[in-house]
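Have a look at the structure below before the remarks.
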Amino acid sequence: MQRETTFRASAQPGHQPGPPAVVRTSLPGNSLAPAAARRFVRAALADWTELAVPAAVGITDRLADDAVLLASELVTNAVVHAGTTVELMCRLDEAGLGESADSLVIEVSDHHPARSVRNEPAPQPPGTPEYGRGLRLVASLSESWGITYRTGTKAVWARLPVDGVPAAGQELQSYANEQAQQRGVRAAEILAPLPNRIAHDTEWVNRGALSFLAEASDLLAGQFDEDLVAALAGQLLVPRLADWCAVWLDDESEVGGRGDGRGFSGTRLARVWHTSEQRIEELRRALEKDPPQLPALAGSGAVPVRWPTEALAGEAPGTALAYRLTAGGRSLGTLIIGRAGTVRFADEVTGLIEDFSRRVALSISAARRYQRQATISQVLQRGLLPSSVAEIPGVRSGVVYEPRDKGGPGGDFYDVFQAGKGRWCFALGDVQGKGVEAAVVIGLARPWLRLLAREGYEVAEVLDRLNQLLLDDATEAADAAAAAVVAVAGGQGVPTDGATSRFLSLLYGELVPIDGGGIRCTLASAGHPLPLVLSPDGTVREPVSSQLLLGVIDDVTYTSETFDLRTGDTLLCVTDGVTERRTGRHMFDDEDGLATAFASCAGLDAVLVAERIKRLVHEFSDRPPDDDLAVLVLQAQ
């Protein structure tokens, strides 16, 4: 854990507010982060008090407890939602002109700013369940709070007034004003001690069940990792509705059948959560050793199970309930909750958790479907690209390939292969479509290219025949794939690319080594961004002209052009993910941007050229790429 500290010098009477006292630290994105955050904030406040930092005069035990609680909740939210390294900042601000009190700011930043604030016309009330229990608590305790988006980060901050409120243990009425009193009451309601929580279960459920379920649905929706779903379930239930919980997940091979339904064979304990972090590992070991048993015919309702007495020694015995997680008629796992010091859960609570468990099951089912589809897509993607790039005598090559959808097949492809004795061919293409339809066209085009080349057809003849094959066969295949996608999705709102998925832009060329050094290249471009040749002196030229896309009309005749790559010459081929990369209204290739970037690569080998072009394309815009990106570099030796 790294820590950075800045203190200001002690102030004299009548001074103007100086720079704030600030401490920062970086925390790992795991379960150890919240505890580390609590220690860090408490230590910072103690240091400021000991060093007599001016604004620290107003730091009380109650303020320290609130600050520690806020830091813990914000870090927990960041770990759960982002899973990245977390930065924690604690800043003590002196009151400026027009301000009534000093303030303490807690800010937590993560590196996955994917979750955006809803664009509401008016500020939402503090109780709006938008970001989970943590931010509801933040709204209750803080004077003000907000979210700041920066490039690559999202920061959630909260400001607490340092106004000398009395220490913990005194009555809430001793807060400085009515707003502070209301903050204390709301926080006590959210994190009520056990006896109060039990006594008010029915009232809480009747008042807050819909908000809780809406919040849970919002958090669980769109989660594509079943372990993250299990973690969120624990965060939502503990300590609000239970003192601890555990989630077992069935192996997918076991889904749909669990033997006699009593054992946990083929399952794993995915998550254990307890109000006391020190008890989590002990409880996990106990539950793994002696998992609860459910009746074979148990449905989705609550089933009483044995209390883990040994693991929770020192706590009052309580009640534990199990809920089978079922979606689509299949059992996906089991959710266990427990609460100490109570004989039974209120009926309203068991019903609420049953509804909640259904949402958890649906999210697990969706995550598993996504993972299956992602696995299929990755296998398909590997099949659409060459396993290796052919070694060409006298030529060094460099390749960059980045599909826009990391979990699915892209619309770009490349190939470098030997076509015969002393002949090598290369291709870089882009199907005018995405997803499975584009993959079908690529799956047809790449083998056709290899077959035609190895049959001895010239470059222009290969394009002529490939164009006709796309018109005859690819449309039918892509339409069949589109129909399959619609059928799988139930025909609801699935856009397809239709006939345009057969359109293919392609750079295709043949390389033949020249006696005495260099390579003779015969090349044709069918609707593709034009290739560039870089000479050792930094001169860049376009060696060929553009022709019509493949798959558009059947009465077109393609031509090729031949040129020599001398020793040190470099041929650059890219897809439109490079040339059409945007920042605002500007594209990367505006005003010969690609040629300028390529000229800066003089003296680099093929691999470094490909990497530099990729880096420059990424740096051109702060936004992530919105298209597949492919770069093929061939350099004569």
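By order in the structure tokens, chains are A, B, ...; within a chain, residues start at 1; ligands start at 1, following the order shown.
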- Message: To test your reading of the structure, identify every residue in segment 429-635 of chain A that backbone DSSP assigns to alpha helix (DSSP H), and report it as a count of residues only.
- Response: 70
- Item | Neighbour list for segment 572-583 of chain A as an MDAnalysis selection string, cut-off 8 Å, only C-alpha atoms, skip fewer than 4 positions in-chain | chainID A and resid 412 428:430 507 528:534 587:589 594 614 617 620:623 625:634
- Message: Give me, as a list in words, all polymer residues having an atom no more than 9 Å from Leu470 of chain A, counting only C-alpha atoms and skipping those fewer than 6 positions away in the same chain.
- Response: Val441, Leu444, Ala445, Arg502, Phe503, Leu504, Leu550, Gly551 and Val552 of chain A
Filtering to C-alpha atoms, could you give me those residues as a CSV table (one decimal), in the first residue's frame?
chain,number,residue,atom,x,y,z
A,441,VAL,CA,-18.4,-14.6,-44.6
A,444,LEU,CA,-15.9,-18.7,-46.5
A,445,ALA,CA,-13.6,-16.1,-48.0
A,502,ARG,CA,-21.6,-10.2,-48.0
A,503,PHE,CA,-19.7,-6.9,-49.0
A,504,LEU,CA,-16.0,-7.4,-48.5
A,550,LEU,CA,-16.3,-7.4,-53.5
A,551,GLY,CA,-19.8,-8.8,-53.4
A,552,VAL,CA,-21.6,-5.7,-54.8
Residues of segment 217-325 of chain A that have any atom at most 12 Å from an atom of segment 25-33 of chain A: could you tabulate them with the shortest-distance atom pair and the distance in Å to one decimal, using only C-alpha atoms, ordered by chain and increasing number, as CSV?
residue,atom,partner,partner_atom,distance
A:Leu228,CA,A:Asn30,CA,12.0
A:Ala231,CA,A:Ser31,CA,10.4
A:Gln235,CA,A:Ser31,CA,11.7
A:Arg271,CA,A:Ser31,CA,11.4
A:Val272,CA,A:Ser31,CA,11.3
A:Trp273,CA,A:Ser31,CA,10.4
A:Glu277,CA,A:Ser31,CA,9.2
A:Gln278,CA,A:Leu32,CA,11.0
A:Ile280,CA,A:Ser31,CA,10.6
A:Glu281,CA,A:Ser31,CA,11.6
- Query: Any idea what's packed within 12 Å of Gly329 of chain A, counting only C-alpha atoms, ignoring anything in its chain fewer than 2 positions away? Could you give it as a list in words?
  - Reply: Val255, Gly256, Gly257, Gly299, Ser300, Arg324, Leu325, Thr326, Ala327, Ser331, Leu332, Arg358, Ala361, Leu362 and Ser365 of chain A
